[in-house]
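**Student:** One structure, pasted below without further comment.
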Amino acid sequence: MQTFGGILLVGVLFTVVALGTHYWRTMEELDASRRTVEGYLTLIEGLYAYRAENVSRWPASFTDLTPYLPLLQIDSVDPMQAGSNGEGGRYTLAILGGNVALTTHVRTESHARSVTREFGARGSYAAVTDGFRITVAVPTPGGITLMRQTLLTDGTNKMQRPLWIATTVATGDSCTGAGFAVDTTGNLMRCHGGVWQAY
């Protein structure tokens, strides 16, 4: 009977240790995933801050984010890599035309899955030789009117940048309301009485 009790006690202790180890590993993975998500969000905030102050342009590298993220650790060799994910890996900035993405590498699929879940359709991951590559597409911020993107003003409403008008009009063309435009030679035109006139 004592032998059976001893075996049972050893079995219970083994089960408790195994469950505790599994719980500890799970908590470590969740903590690493949380840190990776926080890293993504911090970098995206920096990208948006840069874009807001630079006439809707994305930065050329992480170096441009220094005024907005002064503690950001930028790779000394490759300025397209910076920060540190939950496992200590770098984030990589990829800019293709107007599309911006942030990628990073992690070791486990559960880590990659829980990170991408936070970003919905904007996040994805793929298996690579040393683990998993997570990609988060950075959406162009919405809710900013064209005027707020292009007409930057100070407190006196003086324009700080040139105004470029892409569409041209000709004298006598019909128009509605009131407004300004330019003709093909760059002369200022105004809408008056339903037609474009030289200003």
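Naming works like this for the structure tokens: A, B, ... for the chains as they're shown, residue 1 at the start of each chain, ligands 1 onward in shown order.
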As a list in words, please: the residues near Thr184 (chain A) (cut-off 9 Å, only C-alpha atoms, same-chain neighbours under 5 positions excluded).
**Tutor:**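 Near Thr184 (chain A), the qualifying residues are Thr167, Thr168, Val169 and Ala170 of chain A.
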**Student:** Compile the contact shell of Leu102 (chain A) as a ChimeraX atom specification: residues with an atom at most 10 Å away, counting only C-alpha atoms, same-chain residues fewer than 6 positions apart removed.
**Tutor:** /A:40,43-44,80-81,91-95,123,134-138
**Student:** For Asp31 (chain A), which residue out of A:Ser61, A:Ser56, A:Gln197, A:Ser114 is the nearest one, using only C-alpha atoms?
**Tutor:** A:Ser114
**Student:** Just give me the gap between CA of Gly39 (chain A) and CA of Thr116 (chain A) in Å, one decimal is fine.
**Tutor:**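 Here the two named atoms are 12.9 Å from each other.
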**Student:** As a ChimeraX atom specification, please: the residues near Gly83 (chain A) (cut-off 6 Å, only C-alpha atoms, same-chain neighbours under 5 positions excluded).
**Tutor:** /A:72-73,90-91
**Student:** Keeping all heavy atoms, export the residues of the selection given above as a PDB file, in the first residue's frame.
**Tutor:**
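For reference, part_15.pdb as written:
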ATOM      1  N   LEU A  72      14.364  54.794 -30.364  1.00  0.00           N
ATOM      2  CA  LEU A  72      14.377  53.695 -31.329  1.00  0.00           C
ATOM      3  C   LEU A  72      15.819  53.303 -31.644  1.00  0.00           C
ATOM      4  O   LEU A  72      16.626  54.145 -32.026  1.00  0.00           O
ATOM      5  CB  LEU A  72      13.653  54.112 -32.608  1.00  0.00           C
ATOM      6  CG  LEU A  72      13.579  53.073 -33.720  1.00  0.00           C
ATOM      7  CD1 LEU A  72      12.783  51.859 -33.257  1.00  0.00           C
ATOM      8  CD2 LEU A  72      12.945  53.672 -34.965  1.00  0.00           C
ATOM      9  N   GLN A  73      16.126  52.021 -31.469  1.00  0.00           N
ATOM     10  CA  GLN A  73      17.466  51.519 -31.752  1.00  0.00           C
ATOM     11  C   GLN A  73      17.534  51.112 -33.219  1.00  0.00           C
ATOM     12  O   GLN A  73      16.960  50.101 -33.625  1.00  0.00           O
ATOM     13  CB  GLN A  73      17.794  50.339 -30.851  1.00  0.00           C
ATOM     14  CG  GLN A  73      17.829  50.706 -29.387  1.00  0.00           C
ATOM     15  CD  GLN A  73      18.021  49.502 -28.501  1.00  0.00           C
ATOM     16  OE1 GLN A  73      17.986  48.369 -28.942  1.00  0.00           O
ATOM     17  NE2 GLN A  73      18.218  49.753 -27.227  1.00  0.00           N
ATOM     18  N   ARG A  90      14.968  42.090 -35.021  1.00  0.00           N
ATOM     19  CA  ARG A  90      14.731  43.420 -35.591  1.00  0.00           C
ATOM     20  C   ARG A  90      13.441  43.462 -36.407  1.00  0.00           C
ATOM     21  O   ARG A  90      12.976  42.454 -36.923  1.00  0.00           O
ATOM     22  CB  ARG A  90      15.884  43.811 -36.515  1.00  0.00           C
ATOM     23  CG  ARG A  90      17.212  43.995 -35.817  1.00  0.00           C
ATOM     24  CD  ARG A  90      17.240  45.315 -35.118  1.00  0.00           C
ATOM     25  NE  ARG A  90      18.590  45.668 -34.725  1.00  0.00           N
ATOM     26  CZ  ARG A  90      18.860  46.710 -33.997  1.00  0.00           C
ATOM     27  NH1 ARG A  90      17.907  47.504 -33.599  1.00  0.00           N
ATOM     28  NH2 ARG A  90      20.096  46.986 -33.657  1.00  0.00           N
ATOM     29  N   TYR A  91      12.892  44.669 -36.538  1.00  0.00           N
ATOM     30  CA  TYR A  91      11.814  44.945 -37.486  1.00  0.00           C
ATOM     31  C   TYR A  91      12.456  45.508 -38.750  1.00  0.00           C
ATOM     32  O   TYR A  91      13.413  46.272 -38.678  1.00  0.00           O
ATOM     33  CB  TYR A  91      10.831  45.971 -36.926  1.00  0.00           C
ATOM     34  CG  TYR A  91      10.053  45.486 -35.721  1.00  0.00           C
ATOM     35  CD1 TYR A  91      10.549  45.687 -34.441  1.00  0.00           C
ATOM     36  CD2 TYR A  91       8.837  44.835 -35.872  1.00  0.00           C
ATOM     37  CE1 TYR A  91       9.848  45.256 -33.333  1.00  0.00           C
ATOM     38  CE2 TYR A  91       8.126  44.400 -34.765  1.00  0.00           C
ATOM     39  CZ  TYR A  91       8.634  44.610 -33.497  1.00  0.00           C
ATOM     40  OH  TYR A  91       7.939  44.176 -32.411  1.00  0.00           O
TER      41      TYR A  91
END
**Student:** Tell me, as a list in words, which residues lie within 10 Å of Arg190 (chain A), counting only C-alpha atoms; anything in the same chain fewer than 6 positions away does not count.
**Tutor:** Val169, Thr171, Cys175, Ala178, Gly179, Phe180, Ala181, Val182, Trp196, Gln197, Ala198 and Tyr199 of chain A
**Student:** Point out the residue among A:Thr66, A:Asn85, A:Ser174, A:Thr185 with the least atom-to-atom distance to Ala32 (chain A), counting only C-alpha atoms.
**Tutor:**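 Selected residue with least distance to Ala32 (chain A): A:Asn85.
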**Student:** Among region 49-162 of chain A, which residues does DSSP mark as strand (DSSP E) when it is run on the backbone? Keep the chain and numbering as in the structure and answer as a ChimeraX atom specification.
**Tutor:** /A:81-82,91-96,99-106,123-128,131-138
**Student:** Just how far from CA of Gly194 (chain A) is CA of Gly177 (chain A), in Å to one decimal?
**Tutor:**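 Here the two named atoms are 7.2 Å from each other.
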**Student:** What gap, in Å, lies between CA of Thr103 (chain A) and CA of Glu53 (chain A)?
**Tutor:**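 One can read the CA of Thr103 (chain A) to CA of Glu53 (chain A) distance as 24.2 Å.
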**Student:** With only C-alpha atoms as the basis for distance, which of A:Asp173, A:Asp78, A:Glu38, A:Asp64 is at the shortest distance from His192 (chain A)?
**Tutor:** A:Asp173
**Student:** Excluding Arg133 (chain A) and any residue of its chain fewer than 5 positions from it, enumerate the residues within 9 Å of it, using only C-alpha atoms, and give them as an NGL selection string.
**Tutor:** :A and (103-107 or 112 or 124-128)
**Student:** Store the residues picked out above, limited to N, CA and C atoms, as a PDB file, in the first residue's frame.
**Tutor:**
ATOM      1  N   THR A 103       8.173  44.007 -41.254  1.00  0.00           N
ATOM      2  CA  THR A 103       8.322  42.570 -41.070  1.00  0.00           C
ATOM      3  C   THR A 103       9.264  42.300 -39.906  1.00  0.00           C
ATOM      4  N   THR A 104       9.128  41.111 -39.316  1.00  0.00           N
ATOM      5  CA  THR A 104      10.047  40.648 -38.290  1.00  0.00           C
ATOM      6  C   THR A 104      10.022  39.131 -38.278  1.00  0.00           C
ATOM      7  N   HIS A 105      11.038  38.501 -37.670  1.00  0.00           N
ATOM      8  CA  HIS A 105      11.144  37.040 -37.596  1.00  0.00           C
ATOM      9  C   HIS A 105      10.972  36.573 -36.155  1.00  0.00           C
ATOM     10  N   VAL A 106      10.236  35.475 -35.984  1.00  0.00           N
ATOM     11  CA  VAL A 106      10.089  34.828 -34.680  1.00  0.00           C
ATOM     12  C   VAL A 106      10.321  33.332 -34.859  1.00  0.00           C
ATOM     13  N   ARG A 107      10.525  32.616 -33.732  1.00  0.00           N
ATOM     14  CA  ARG A 107      10.873  31.195 -33.810  1.00  0.00           C
ATOM     15  C   ARG A 107       9.668  30.278 -33.922  1.00  0.00           C
ATOM     16  N   ALA A 112       3.874  33.775 -34.000  1.00  0.00           N
ATOM     17  CA  ALA A 112       3.491  34.460 -35.240  1.00  0.00           C
ATOM     18  C   ALA A 112       1.976  34.565 -35.363  1.00  0.00           C
ATOM     19  N   SER A 124       0.063  38.998 -41.619  1.00  0.00           N
ATOM     20  CA  SER A 124       0.211  37.641 -42.151  1.00  0.00           C
ATOM     21  C   SER A 124       1.565  37.093 -41.721  1.00  0.00           C
ATOM     22  N   TYR A 125       1.716  35.774 -41.807  1.00  0.00           N
ATOM     23  CA  TYR A 125       3.018  35.181 -41.506  1.00  0.00           C
ATOM     24  C   TYR A 125       3.272  34.020 -42.452  1.00  0.00           C
ATOM     25  N   ALA A 126       4.553  33.705 -42.627  1.00  0.00           N
ATOM     26  CA  ALA A 126       4.954  32.614 -43.512  1.00  0.00           C
ATOM     27  C   ALA A 126       6.156  31.914 -42.900  1.00  0.00           C
ATOM     28  N   ALA A 127       6.243  30.599 -43.119  1.00  0.00           N
ATOM     29  CA  ALA A 127       7.383  29.834 -42.630  1.00  0.00           C
ATOM     30  C   ALA A 127       8.628  30.186 -43.436  1.00  0.00           C
ATOM     31  N   VAL A 128       9.745  30.369 -42.745  1.00  0.00           N
ATOM     32  CA  VAL A 128      11.047  30.593 -43.375  1.00  0.00           C
ATOM     33  C   VAL A 128      12.035  29.626 -42.725  1.00  0.00           C
TER      34      VAL A 128
END
**Student:** Once DSSP has gone over the backbone, tell me which residues of region 54-188 of chain A are in alpha helix (DSSP H), as a PyMOL selection string.
**Tutor:** chain A and resi 109-118+146-150
